[in-house]
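**Student:** Structure file coords-v4.cif (mmCIF, C-alpha atoms) is given on the next line.
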data_structure
loop_
_atom_site.label_atom_id
_atom_site.label_comp_id
_atom_site.auth_asym_id
_atom_site.auth_seq_id
_atom_site.Cartn_x
_atom_site.Cartn_y
_atom_site.Cartn_z
CA MET A 1 -21.77 72.56 61.58
CA LEU A 2 -23.90 69.82 63.09
CA LYS A 3 -23.85 69.34 66.85
CA ALA A 4 -24.44 66.47 69.25
CA GLY A 5 -28.09 65.42 69.23
CA ASP A 6 -28.75 66.42 65.61
CA LYS A 7 -29.98 63.79 63.16
CA ALA A 8 -27.06 62.75 60.98
CA PRO A 9 -27.70 63.41 57.30
CA ASP A 10 -27.74 60.16 55.34
CA PHE A 11 -25.62 59.90 52.23
CA THR A 12 -24.90 57.56 49.37
CA LEU A 13 -21.35 57.96 48.11
CA ALA A 14 -19.07 55.98 45.82
CA SER A 15 -16.20 53.91 47.20
CA ARG A 16 -13.81 51.46 45.59
CA SER A 17 -16.13 48.62 46.62
CA GLY A 18 -19.38 50.25 45.50
CA PRO A 19 -21.82 52.73 47.00
CA ARG A 20 -21.83 53.25 50.76
CA THR A 21 -24.57 54.87 52.80
CA LEU A 22 -24.68 56.03 56.37
CA SER A 23 -27.75 53.86 56.85
CA ASP A 24 -25.51 50.81 56.08
CA ALA A 25 -24.16 51.36 59.60
CA LYS A 26 -27.57 51.50 61.30
CA GLY A 27 -27.36 49.74 64.65
CA GLU A 28 -23.63 50.48 64.93
CA TYR A 29 -21.58 53.56 65.62
CA ALA A 30 -20.27 55.28 62.51
CA VAL A 31 -17.21 57.49 62.39
CA VAL A 32 -17.56 59.94 59.53
CA TYR A 33 -14.44 62.00 58.97
CA PHE A 34 -13.84 64.63 56.33
CA TYR A 35 -10.38 65.27 54.95
CA PRO A 36 -9.14 67.70 52.29
CA ARG A 37 -7.26 65.58 49.74
CA ASP A 38 -5.82 62.18 48.93
CA ASP A 39 -2.07 61.66 49.08
CA THR A 40 -1.16 64.68 51.19
CA PRO A 41 0.91 64.29 54.37
CA GLY A 42 -1.79 65.00 56.98
CA CYS A 43 -4.52 63.12 55.13
CA THR A 44 -2.21 60.13 54.69
CA ARG A 45 -1.34 60.01 58.40
CA GLU A 46 -5.02 60.32 59.32
CA GLY A 47 -6.11 57.52 56.98
CA GLN A 48 -3.28 55.29 58.14
CA ALA A 49 -4.12 55.91 61.81
CA PHE A 50 -7.79 55.02 61.30
CA SER A 51 -6.72 51.96 59.29
CA LYS A 52 -4.26 50.85 61.97
CA ALA A 53 -7.06 51.10 64.54
CA SER A 54 -9.70 49.48 62.29
CA LYS A 55 -9.82 46.23 64.31
CA ALA A 56 -10.31 48.22 67.51
CA PHE A 57 -13.11 50.22 65.88
CA ALA A 58 -14.76 46.99 64.67
CA LYS A 59 -14.47 45.51 68.17
CA ALA A 60 -16.12 48.68 69.52
CA GLY A 61 -18.99 48.20 67.07
CA ALA A 62 -18.04 51.11 64.80
CA VAL A 63 -17.47 51.54 61.08
CA VAL A 64 -15.19 54.28 59.74
CA TYR A 65 -15.80 56.33 56.61
CA GLY A 66 -13.27 58.86 55.31
CA ILE A 67 -14.81 61.39 52.92
CA SER A 68 -13.19 63.83 50.51
CA LYS A 69 -14.10 65.34 47.16
CA ASP A 70 -11.56 63.13 45.35
CA SER A 71 -12.88 60.43 43.00
CA ALA A 72 -13.31 56.78 43.95
CA ASP A 73 -10.43 55.97 41.55
CA SER A 74 -8.19 58.48 43.32
CA HIS A 75 -9.19 56.97 46.67
CA ALA A 76 -8.33 53.46 45.43
CA LYS A 77 -4.85 54.55 44.27
CA PHE A 78 -4.29 56.47 47.52
CA ALA A 79 -5.40 53.51 49.65
CA ASP A 80 -3.24 51.04 47.73
CA LYS A 81 -0.18 53.30 47.83
CA CYS A 82 -0.47 54.19 51.52
CA GLY A 83 -1.93 51.02 53.06
CA ILE A 84 -5.28 52.54 53.93
CA THR A 85 -7.89 49.86 54.60
CA ILE A 86 -10.92 51.85 55.73
CA ASP A 87 -13.67 52.90 53.32
CA LEU A 88 -12.85 56.15 51.52
CA LEU A 89 -15.91 57.80 50.01
CA SER A 90 -16.11 60.26 47.14
CA ASP A 91 -18.18 63.45 47.52
CA PRO A 92 -17.26 65.36 44.32
CA ASP A 93 -20.09 67.89 44.55
CA LEU A 94 -19.42 68.48 48.28
CA ALA A 95 -23.10 67.90 49.13
CA THR A 96 -22.28 65.66 52.09
CA HIS A 97 -19.49 67.97 53.24
CA LYS A 98 -21.96 70.86 53.27
CA ALA A 99 -24.73 68.84 54.96
CA TYR A 100 -22.34 68.16 57.85
CA GLY A 101 -20.84 71.66 57.87
CA ALA A 102 -17.44 70.31 56.84
CA HIS A 103 -16.93 72.75 53.97
CA GLY A 104 -16.57 76.48 54.33
CA GLU A 105 -14.23 79.24 55.39
CA LYS A 106 -11.07 78.24 57.22
CA THR A 107 -7.65 79.72 57.84
CA MET A 108 -4.69 78.16 56.03
CA TYR A 109 -1.21 79.57 56.45
CA GLY A 110 -2.71 82.75 57.88
CA LYS A 111 -5.13 83.33 55.00
CA LYS A 112 -8.89 82.83 54.84
CA VAL A 113 -9.82 80.20 52.23
CA ILE A 114 -12.88 78.13 51.35
CA GLY A 115 -12.36 74.38 51.57
CA THR A 116 -12.80 71.20 53.52
CA ILE A 117 -12.81 71.69 57.27
CA ARG A 118 -11.06 68.64 58.70
CA SER A 119 -13.71 67.31 61.05
CA THR A 120 -15.04 64.05 62.47
CA PHE A 121 -18.52 63.03 63.55
CA ILE A 122 -19.47 60.02 65.64
CA VAL A 123 -22.97 58.90 64.70
CA ASP A 124 -24.72 56.72 67.26
CA PRO A 125 -26.62 53.51 66.40
CA ALA A 126 -29.89 55.47 66.22
CA GLY A 127 -28.51 57.84 63.56
CA LYS A 128 -27.91 60.89 65.76
CA ILE A 129 -24.69 62.85 66.06
CA ALA A 130 -23.11 61.73 69.33
CA ARG A 131 -19.82 63.65 69.18
CA VAL A 132 -18.24 66.30 66.95
CA PHE A 133 -14.53 66.97 66.51
CA SER A 134 -13.95 70.18 64.55
CA SER A 135 -10.69 71.63 63.21
CA VAL A 136 -9.04 68.26 63.86
CA LYS A 137 -5.32 67.89 64.51
CA VAL A 138 -4.34 64.61 62.82
CA ASP A 139 -1.79 63.10 65.19
CA GLY A 140 -3.51 61.12 67.95
CA HIS A 141 -6.97 61.82 66.55
CA ALA A 142 -8.00 58.22 65.76
CA GLU A 143 -7.19 57.24 69.34
CA LYS A 144 -9.28 60.12 70.70
CA VAL A 145 -12.23 59.03 68.55
CA LEU A 146 -11.90 55.45 69.77
CA GLU A 147 -11.80 56.68 73.38
CA ALA A 148 -14.91 58.78 72.75
CA ILE A 149 -16.79 55.73 71.43
CA ALA A 150 -15.81 53.75 74.52
CA GLU A 151 -17.01 56.63 76.68
CA LEU A 152 -20.30 56.85 74.78
CA LYS A 153 -20.89 53.12 75.14
CA THR A 154 -20.05 52.94 78.86
CA GLY A 155 -20.87 56.44 80.02
CA VAL A 156 -17.43 56.53 81.69
CA ALA A 157 -14.61 58.79 80.56
CA ALA A 158 -11.48 56.91 79.57
CA THR A 159 -8.48 57.70 81.72
CA LYS A 160 -4.89 57.15 80.83
CA PRO A 161 -2.50 55.90 83.49
CA ARG A 162 -0.12 58.57 84.67
CA ARG A 163 3.59 58.00 84.75
CA ALA A 164 5.22 57.82 88.16
CA ARG A 165 7.49 60.74 88.94
#
Would you encode the structure as structure tokens?

**Tutor:**
Amino acid sequence: MLKAGDKAPDFTLASRSGPRTLSDAKGEYAVVYFYPRDDTPGCTREGQAFSKASKAFAKAGAVVYGISKDSADSHAKFADKCGITIDLLSDPDLATHKAYGAHGEKTMYGKKVIGTIRSTFIVDPAGKIARVFSSVKVDGHAEKVLEAIAELKTGVAATKPRRAR
């Protein structure tokens, strides 16, 4: 898997609105997240969370790309059905997954399987990996990525107010 400081592999992948490349985001932060499959519970919640936060990502100067091996047609149906507004990109041959280290052995239900490793990469405006989230837990993840971008931009860790006891 790639690590912070590595050059982010460029890609050209199909989306419902035409081909998208990582270099389209040059000069901005790019959030590149890999998910296993359209229209599954975790992948739906993840796509909806990134979509719900899309204005905040845009305000932070970041674009968001969700990538799976599903077709662009499947992505379009999934997005329409579930209200997902971010760009979903199709990587049917898994070349981009493999370039980022987001495909390989993982444990599912206690068994070792080969598949998509749910992971997210923040690519900085210069095209380098700035942050890596591996083996992502879906709930709260979009917010953590947004906080990480704010931290990268300001150099200050985001702190949440604590509740009074």

**Student:** Which of these residues is nearest to Phe11 in chain A, using only C-alpha atoms: A:Gly110, A:Pro36, A:Gly127, A:Gly61?

**Tutor:**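 For Phe11 in chain A, the nearest of the candidates is A:Gly127.
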
**Student:** List as JSON, numbers by chain the protein and nucleic acid residues near Ala60 in chain A, meaning an atom at most 10 Å away when only C-alpha atoms are counted, but skip any in the same chain fewer than 3 places from it.

**Tutor:** {"A": [28, 29, 54, 55, 56, 57, 63, 146, 147, 149, 150, 153]}

**Student:** So that I can see what lies close to Thr107 in chain A, please list as a PyMOL selection string the residues with an atom at most 12 Å from it, counting all atoms listed in the file and leaving out residues fewer than 6 positions away in the same chain.

**Tutor:** chain A and resi 113-118+135

**Student:** Enumerate, as an MDAnalysis selection string, the protein, DNA and RNA residues whose atoms approach (-21.8, 65.8, 51.5) to within 12 Å, taking into account all atoms listed in the file and the coordinate frame of the file.

**Tutor:** chainID A and resid 8:14 21:22 32:35 66:69 89:103 116

**Student:** Counting all atoms listed in the file, which residue out of A:Val31, A:Ala49, A:Met1, A:Val145 sits closest to Gly83 in chain A?

**Tutor:**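 The shortest atom-to-atom distance to Gly83 in chain A comes from A:Ala49.
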
**Student:** Within 6 Å of Val123 in chain A, counting all atoms listed in the file, which residues qualify if same-chain residues fewer than 5 places away don't, as a list of chain:residue names?

**Tutor:**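 Residues near the query, excluding close chain neighbours: A:Tyr29, A:Ala30, A:Lys128, A:Ile129, A:Ala130.
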
**Student:** Arg45 in chain A: which residues within 10 Å, counting all atoms listed in the file, same-chain residues fewer than 2 positions away excluded, as a PDB file with C-alpha atoms, in the frame of the given file?

**Tutor:**
ATOM      1  CA  ASP A  39      -2.070  61.660  49.080  1.00  0.00           C
ATOM      2  CA  THR A  40      -1.160  64.680  51.190  1.00  0.00           C
ATOM      3  CA  PRO A  41       0.910  64.290  54.370  1.00  0.00           C
ATOM      4  CA  GLY A  42      -1.790  65.000  56.980  1.00  0.00           C
ATOM      5  CA  CYS A  43      -4.520  63.120  55.130  1.00  0.00           C
ATOM      6  CA  GLY A  47      -6.110  57.520  56.980  1.00  0.00           C
ATOM      7  CA  GLN A  48      -3.280  55.290  58.140  1.00  0.00           C
ATOM      8  CA  ALA A  49      -4.120  55.910  61.810  1.00  0.00           C
ATOM      9  CA  PHE A  50      -7.790  55.020  61.300  1.00  0.00           C
ATOM     10  CA  SER A  51      -6.720  51.960  59.290  1.00  0.00           C
ATOM     11  CA  CYS A  82      -0.470  54.190  51.520  1.00  0.00           C
ATOM     12  CA  ILE A  84      -5.280  52.540  53.930  1.00  0.00           C
ATOM     13  CA  VAL A 138      -4.340  64.610  62.820  1.00  0.00           C
ATOM     14  CA  ASP A 139      -1.790  63.100  65.190  1.00  0.00           C
ATOM     15  CA  GLY A 140      -3.510  61.120  67.950  1.00  0.00           C
TER      16      GLY A 140
END

**Student:** What is the CA of His141 in chain A-CA of Ile86 in chain A distance in Å, reported with one decimal?

**Tutor:** 15.2 Å

**Student:** Assuming 8 Å of padding per side, give the centre and edge lengths of the axis-aligned box around every listed atom of range 68-79 of chain A, in Å to one decimal and as AutoDock Vina command-line options.

**Tutor:**
--center_x -9.2 --center_y 59.4 --center_z 46.0 --size_x 25.8 --size_y 27.9 --size_z 25.0

**Student:** Kindly indicate which residue among A:Lys106, A:Lys26, A:Lys137, A:Arg16 lies nearest to Pro125 in chain A, using only C-alpha atoms for the distances.

**Tutor:**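 Going through A:Lys106, A:Lys26, A:Lys137, A:Arg16 one by one, the smallest distance to Pro125 in chain A is for A:Lys26.
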
**Student:** Just checking: using all atoms listed in the file, which residue out of A:Glu105, A:Asp80, A:Asp87, A:Asp38 ends up closest to Ser15 in chain A?

**Tutor:**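 Using all atoms listed in the file, Ser15 in chain A sits closest to A:Asp87.
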
**Student:** Convert the output of the PyMOL selection byres ((chain A and resi 132) around 9) on the shown file into explicit residues, formatted as a JSON list (two decimals) with C-alpha atoms, in the coordinates of the input.

**Tutor:**
[["chain", "number", "residue", "atom", "x", "y", "z"],
["A", 1, "MET", "CA", -21.77, 72.56, 61.58],
["A", 2, "LEU", "CA", -23.90, 69.82, 63.09],
["A", 3, "LYS", "CA", -23.85, 69.34, 66.85],
["A", 4, "ALA", "CA", -24.44, 66.47, 69.25],
["A", 119, "SER", "CA", -13.71, 67.31, 61.05],
["A", 120, "THR", "CA", -15.04, 64.05, 62.47],
["A", 121, "PHE", "CA", -18.52, 63.03, 63.55],
["A", 122, "ILE", "CA", -19.47, 60.02, 65.64],
["A", 129, "ILE", "CA", -24.69, 62.85, 66.06],
["A", 130, "ALA", "CA", -23.11, 61.73, 69.33],
["A", 131, "ARG", "CA", -19.82, 63.65, 69.18],
["A", 133, "PHE", "CA", -14.53, 66.97, 66.51],
["A", 134, "SER", "CA", -13.95, 70.18, 64.55]]

**Student:** Please return range 111-137 of chain A, rebuilt to N, CA and C atoms, as a tab-separated table (two decimals), keeping the file's coordinate frame.

**Tutor:**
chain	number	residue	atom	x	y	z
A	111	LYS	N	-4.19	82.72	55.94
A	111	LYS	CA	-5.13	83.33	55.00
A	111	LYS	C	-6.48	82.62	55.09
A	112	LYS	N	-7.54	83.39	54.87
A	112	LYS	CA	-8.89	82.83	54.84
A	112	LYS	C	-9.11	82.19	53.47
A	113	VAL	N	-9.54	80.93	53.47
A	113	VAL	CA	-9.82	80.20	52.23
A	113	VAL	C	-11.11	79.42	52.42
A	114	ILE	N	-11.70	79.00	51.31
A	114	ILE	CA	-12.88	78.13	51.35
A	114	ILE	C	-12.40	76.72	51.01
A	115	GLY	N	-12.77	75.75	51.82
A	115	GLY	CA	-12.36	74.38	51.57
A	115	GLY	C	-12.91	73.43	52.60
A	116	THR	N	-12.38	72.23	52.58
A	116	THR	CA	-12.80	71.20	53.52
A	116	THR	C	-12.29	71.54	54.91
A	117	ILE	N	-13.17	71.50	55.87
A	117	ILE	CA	-12.81	71.69	57.27
A	117	ILE	C	-12.61	70.30	57.84
A	118	ARG	N	-11.37	69.97	58.19
A	118	ARG	CA	-11.06	68.64	58.70
A	118	ARG	C	-11.86	68.43	59.99
A	119	SER	N	-12.82	67.53	59.92
A	119	SER	CA	-13.71	67.31	61.05
A	119	SER	C	-14.18	65.86	61.08
A	120	THR	N	-14.60	65.43	62.26
A	120	THR	CA	-15.04	64.05	62.47
A	120	THR	C	-16.33	64.06	63.27
A	121	PHE	N	-17.23	63.17	62.88
A	121	PHE	CA	-18.52	63.03	63.55
A	121	PHE	C	-18.69	61.58	63.97
A	122	ILE	N	-19.08	61.36	65.21
A	122	ILE	CA	-19.47	60.02	65.64
A	122	ILE	C	-20.99	60.01	65.60
A	123	VAL	N	-21.53	59.06	64.83
A	123	VAL	CA	-22.97	58.90	64.70
A	123	VAL	C	-23.34	57.68	65.53
A	124	ASP	N	-24.33	57.84	66.40
A	124	ASP	CA	-24.72	56.72	67.26
A	124	ASP	C	-25.58	55.70	66.50
A	125	PRO	N	-25.86	54.55	67.10
A	125	PRO	CA	-26.62	53.51	66.40
A	125	PRO	C	-28.03	53.93	65.97
A	126	ALA	N	-28.56	54.97	66.58
A	126	ALA	CA	-29.89	55.47	66.22
A	126	ALA	C	-29.84	56.52	65.12
A	127	GLY	N	-28.63	56.87	64.65
A	127	GLY	CA	-28.51	57.84	63.56
A	127	GLY	C	-28.40	59.29	64.00
A	128	LYS	N	-28.08	59.52	65.25
A	128	LYS	CA	-27.91	60.89	65.76
A	128	LYS	C	-26.42	61.17	65.96
A	129	ILE	N	-26.07	62.43	65.80
A	129	ILE	CA	-24.69	62.85	66.06
A	129	ILE	C	-24.44	62.72	67.57
A	130	ALA	N	-23.43	61.93	67.92
A	130	ALA	CA	-23.11	61.73	69.33
A	130	ALA	C	-21.93	62.59	69.77
A	131	ARG	N	-21.00	62.86	68.85
A	131	ARG	CA	-19.82	63.65	69.18
A	131	ARG	C	-19.31	64.32	67.93
A	132	VAL	N	-18.79	65.54	68.07
A	132	VAL	CA	-18.24	66.30	66.95
A	132	VAL	C	-16.82	66.73	67.31
A	133	PHE	N	-15.90	66.49	66.39
A	133	PHE	CA	-14.53	66.97	66.51
A	133	PHE	C	-14.32	67.92	65.34
A	134	SER	N	-14.14	69.21	65.63
A	134	SER	CA	-13.95	70.18	64.55
A	134	SER	C	-12.51	70.68	64.55
A	135	SER	N	-12.07	71.15	63.39
A	135	SER	CA	-10.69	71.63	63.21
A	135	SER	C	-9.70	70.63	63.80
A	136	VAL	N	-9.80	69.40	63.33
A	136	VAL	CA	-9.04	68.26	63.86
A	136	VAL	C	-7.54	68.42	63.63
A	137	LYS	N	-6.78	68.07	64.63
A	137	LYS	CA	-5.32	67.89	64.51
A	137	LYS	C	-5.13	66.40	64.30
